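Asker: Handing you a structure now.
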Amino acid sequence: MREISDLVVETVQDKARIIRRDIIEMLGQSGSGHTGGSLSAADIMACLYFWELNLDPANPGWEERDRFVLSKGHAAPVLYASLAERGFFPREKLSTLRKLGSALQGHPDRKKLAGVEASTGSLGQGISWAVGMGLAAKMDAAAYRVFALLGDGELEEGMVWEAVMAAAHYHLDNLVIIVDNNGLQIDGPITKVMSPEPIADKFRAFGCEVIAVDGHDPRQIMEALNQARQIKGKPTAIIARTVKGKGCSFMEDKAEWHGVAPNADEVQRALAELG
């Protein structure tokens with residue numbers, strides 16, 4: 001079990017704030033992209049990239065590195081902001097989001113940007129990549145672990161459950177599935193579009209150890225990640241309850257901010273709120 005000190009929690013909280021500011025700034029500059037689901041995942045990503053993941057930004061192809069897959073690939077801004085802050089590429093590159101010729105495309109492309117493990121965007125495929133990576137690690141007797149972040153709307157894809165079923169069948173205790181459970185997708189509440197609830201019960205039924213957390217409480221997230229290290233013989237699913245647009249009051253819990261970028265005035269308002 002890794003220690004979770006007050007200083008560690010404060011550091012992660014600060015990183016999450018920086019990630020959120022970067023998300024707002026880069027989306028404001030690009031004029032397009034996915035704001036709400038990027039902001040909701042910032043605390044999760046800060047815990048992963050600044051506490052949990054075993055990575056070397058100077059050697060992104062290091063064979064022993066942990067693997068992270070952003071299965072909800074439309075939330076690419078939160079991944080780019082995390083990678084830049086972790087040192088995988090210069091922060092100045094964030095301003096090129098969605099620009100012609102940029103490596104920071106609307107969805108992550110593993111062939112264009114160091115630190116991206118899987119090209120995602122078609123929902124359901126990322127978790128399938130992650131299961132394959134976890135199985136490869138088992139076959140090679142490798143020590144690295146695999147983490148996948150899914151959206152709750154993504155759980156409506158049948159491919160997700162095929163992947164989870166395979167993960168349990170192959171006893172992938174090196175796989176941690178995290179669900180950004182903000183309750184909203186582009187068309188509205190997940191319960192009205194095509195409800196995947198009860199989410200925790202479904203993951204249990206498919207053979208996972210399930211841990212429920214407040215997805216904006218770094219200590220709870222890190223405690224869950226610690227617990228996942230102790231689980232043997234099956235994958236872990238962390239259901240992180242979050243708020244879409246978290247950190248910007250006028251965006252919070254509003255489905256219309258799923259795929260809309262802030263204008264200049266909204267950028268300034270959001271940055272003022274984020275501090």
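Lettering and numbering for the structure tokens are positional, with chains as A, B, ... in the shown order, residues counted from 1 in each chain, and ligands counted from 1 in the shown order.
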Would you mind listing what lies within 12 Å of range 130-145 of chain A as a ChimeraX atom specification, with only C-alpha atoms counted and same-chain residues fewer than 2 positions away left out?
Answerer: /A:48,52-55,62-71,117-120,124-128,147-150,159-178,225,228-229,233-236
Asker: Kindly assemble as a Markdown table a list of the range 43-66 of chain A residues that lie within 12 Å of range 219-224 of chain A, each paired with its nearest atom pair and their distance in Å to one decimal, using only C-alpha atoms, sorted first by chain and then by ascending residue number.
Answerer:
| residue | atom | partner | partner_atom | distance |
| --- | --- | --- | --- | --- |
| A:Asp43 | CA | A:Ile221 | CA | 8.5 |
| A:Ile44 | CA | A:Ile221 | CA | 7.0 |
| A:Met45 | CA | A:Ile221 | CA | 10.1 |
| A:Ala46 | CA | A:Ile221 | CA | 10.1 |
| A:Cys47 | CA | A:Met222 | CA | 6.5 |
| A:Leu48 | CA | A:Met222 | CA | 8.4 |
| A:Tyr49 | CA | A:Met222 | CA | 11.5 |
| A:Phe50 | CA | A:Met222 | CA | 10.7 |
| A:Trp51 | CA | A:Met222 | CA | 8.0 |
| A:Glu52 | CA | A:Met222 | CA | 7.8 |
| A:Leu53 | CA | A:Met222 | CA | 11.4 |
Asker: Those residues you just picked out, can you put them in a file as a PDB file, in the first residue's frame with C-alpha atoms?
Answerer:
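Dumped to again-v7.pdb:
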ATOM      1  CA  ASP A  43      -9.057  14.639 -10.764  1.00  0.00           C
ATOM      2  CA  ILE A  44      -8.889  11.027 -11.945  1.00  0.00           C
ATOM      3  CA  MET A  45      -6.165  11.870 -14.438  1.00  0.00           C
ATOM      4  CA  ALA A  46      -4.178  13.847 -11.890  1.00  0.00           C
ATOM      5  CA  CYS A  47      -4.196  10.844  -9.540  1.00  0.00           C
ATOM      6  CA  LEU A  48      -3.064   8.562 -12.336  1.00  0.00           C
ATOM      7  CA  TYR A  49      -0.351  10.703 -13.898  1.00  0.00           C
ATOM      8  CA  PHE A  50       1.058  12.260 -10.726  1.00  0.00           C
ATOM      9  CA  TRP A  51       0.754   9.402  -8.271  1.00  0.00           C
ATOM     10  CA  GLU A  52      -0.093   6.001  -9.736  1.00  0.00           C
ATOM     11  CA  LEU A  53       1.348   5.390 -13.197  1.00  0.00           C
TER      12      LEU A  53
END
Asker: I need the residues of range 76-229 of chain A that end up classed as helix (DSSP H, G or I) by DSSP on the backbone, written out as a PyMOL selection string.
Answerer: chain A and resi 76-86+91-96+125-139+153-156+158-169+190-194+199-205+218-229
Asker: Step one, run DSSP on the backbone; step two, keep only residues of range 79-165 of chain A assigned to strand (DSSP E); then write them as an MDAnalysis selection string.
Answerer: chainID A and resid 146:151
Asker: Need to verify the contact set: Met194 in chain A, 10 Å, only C-alpha atoms, exclusion of same-chain residues closer than 2 positions in sequence. Can you return it as a ChimeraX atom specification?
Answerer: /A:153,155-157,189-192,196-197
Asker: Those residues you just picked out, can you put them in a file as a PDB file, in the first residue's frame with C-alpha atoms?
Answerer:
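That gives us part-v5.pdb:
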ATOM      1  CA  GLY A 153     -22.383   6.756 -21.814  1.00  0.00           C
ATOM      2  CA  LEU A 155     -21.101   1.635 -21.339  1.00  0.00           C
ATOM      3  CA  GLU A 156     -24.054   1.517 -23.721  1.00  0.00           C
ATOM      4  CA  GLU A 157     -21.723  -0.108 -26.260  1.00  0.00           C
ATOM      5  CA  PRO A 189     -28.858  11.938 -19.002  1.00  0.00           C
ATOM      6  CA  ILE A 190     -27.561   8.420 -19.522  1.00  0.00           C
ATOM      7  CA  THR A 191     -30.619   7.046 -17.730  1.00  0.00           C
ATOM      8  CA  LYS A 192     -32.899   8.550 -20.391  1.00  0.00           C
ATOM      9  CA  PRO A 196     -26.428   1.397 -18.260  1.00  0.00           C
ATOM     10  CA  GLU A 197     -27.504   1.416 -14.613  1.00  0.00           C
TER      11      GLU A 197
END
Asker: What does the distance between CA of Leu274 in chain A and CA of Asn181 in chain A come to in Å, to one decimal place?
Answerer: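 Atom-to-atom, CA of Leu274 in chain A and CA of Asn181 in chain A are spaced 21.7 Å apart.
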Asker: Just how far from CA of Lys246 in chain A is CA of His216 in chain A, in Å to one decimal?
Answerer: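 Going from CA of His216 in chain A over to CA of Lys246 in chain A, I get 8.5 Å.
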Asker: Tell me, in Å to one decimal, how far CA of Met251 in chain A is from CA of Val210 in chain A.
Answerer: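 These two atoms are separated by 29.3 Å.
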